[in-house]
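Let me begin by presenting the structure, written as structure tokens, before commenting on it.
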Amino acid sequence: MSAAGPVPSPGGPTYHPLDNPVLAGLTGPHAHFAERRGRVLGYRAEVSTWLALPDEPDARDWADAAPLVGVDGTATLAGADVLPPEGWEVTFQVDGVQLVDESVDAVFDEEAVVLGPADVPEMLDLVDRTRPGPFRPRTIELGTYLGIRRGGALVAMAGERMHPPGWTEISAVCTAPEFRGQGLGARLVLAVAAGIKDRGETPFLQAAGDNANAIRLYETLGFRLRRRMPFLGIRVPEPSRIPATAGG
């Protein structure tokens, strides 16, 4: 890793940690997961896909970003109103929303169990079947993950992902198709929120703006819309197309 140059700046006095939750987390509670090259920060590739770039990244920043991307070549940006340069591929572009706790009646759930490293294969399988968003083998290390089992099988889960100071994101909310409609996702959101609030932090959520069912559920649970936020999936160019400056 290169240590040259400043990290991306949050900006002026009106800056809020949730305006750039990746940067706020990687320079705060999740600093021990951070990888850095020049002005670019990212989670260790086996932990998460999220990168934090400067507001106006230049060619050197994109070159520095390339080595921080995981073995599958993909990464994710949150809140960044930028497009990658030629050679990079945009894998998805989503107009998202960010919701924060306004009146969430968080409560622990007796059926919810804490998931650990031994549960990761089942968690990855559930994610693969339900597509709640990026999830990697060490994502579980970002915070507490809870699951509900039926007949011994993991059928629903939710957990903690981004961690700006004073805030924790509830993420990976998913239920196996054959168990949907039973309220398992809502119960797990409230259970994860209970743990977050119990340590004096505020839960928040992020979702695709066109996921009306999920947004309606979260609003019913007591979350309110804070802001709209773009999400961008990118794929690194082939090594032969990465500028020489990527070496730091």
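Residues in the structure tokens are numbered from 1 in each chain, the chains being A, B, ... in the order shown, and ligands are numbered from 1 in the order shown.
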Members of range 11-241 of chain A assigned alpha helix (DSSP H) by DSSP, as a PyMOL selection string: chain A and resi 21-26+59-65+120-130+184-198+212-221
Any idea what's packed within 6 Å of range 231-237 of chain A, counting only C-alpha atoms, ignoring anything in its chain fewer than 4 positions away? Could you give it as a PDB file with C-alpha atoms, in the first residue's frame?
ATOM      1  CA  ALA A  66      -7.537  -0.734  -9.081  1.00  0.00           C
ATOM      2  CA  GLY A  73     -12.485  -7.380 -10.070  1.00  0.00           C
ATOM      3  CA  THR A  74     -15.555  -5.588  -8.694  1.00  0.00           C
ATOM      4  CA  ALA A  75     -16.072  -2.766  -6.212  1.00  0.00           C
ATOM      5  CA  THR A  76     -18.927  -0.545  -5.057  1.00  0.00           C
ATOM      6  CA  LEU A  77     -19.220   3.217  -4.525  1.00  0.00           C
ATOM      7  CA  ALA A  78     -21.845   4.932  -2.349  1.00  0.00           C
ATOM      8  CA  GLY A  87     -11.362   0.752 -19.551  1.00  0.00           C
ATOM      9  CA  TRP A  88     -13.440   0.338 -16.395  1.00  0.00           C
ATOM     10  CA  GLU A  89     -16.860  -1.311 -16.599  1.00  0.00           C
ATOM     11  CA  VAL A  90     -19.995  -0.089 -14.839  1.00  0.00           C
ATOM     12  CA  THR A  91     -21.689  -3.256 -13.556  1.00  0.00           C
ATOM     13  CA  PHE A  92     -24.708  -1.480 -12.076  1.00  0.00           C
ATOM     14  CA  GLN A  93     -25.954   2.038 -11.416  1.00  0.00           C
ATOM     15  CA  VAL A  94     -28.712   2.411  -8.823  1.00  0.00           C
ATOM     16  CA  ARG A 241      -5.025  -1.351 -19.227  1.00  0.00           C
TER      17      ARG A 241
END
Near-Gly200 in chain A list (12 Å; only C-alpha atoms; drop same-chain fewer than 3 positions) as JSON, numbers by chain: {"A": [165, 166, 167, 168, 193, 194, 195, 196, 197, 203]}
Top pick for closest residue to Thr139 in chain A, considering A:Glu160, A:Glu169, A:Glu178, A:Asp58 and counting only C-alpha atoms: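 Smallest distance to Thr139 in chain A is found for A:Glu160.
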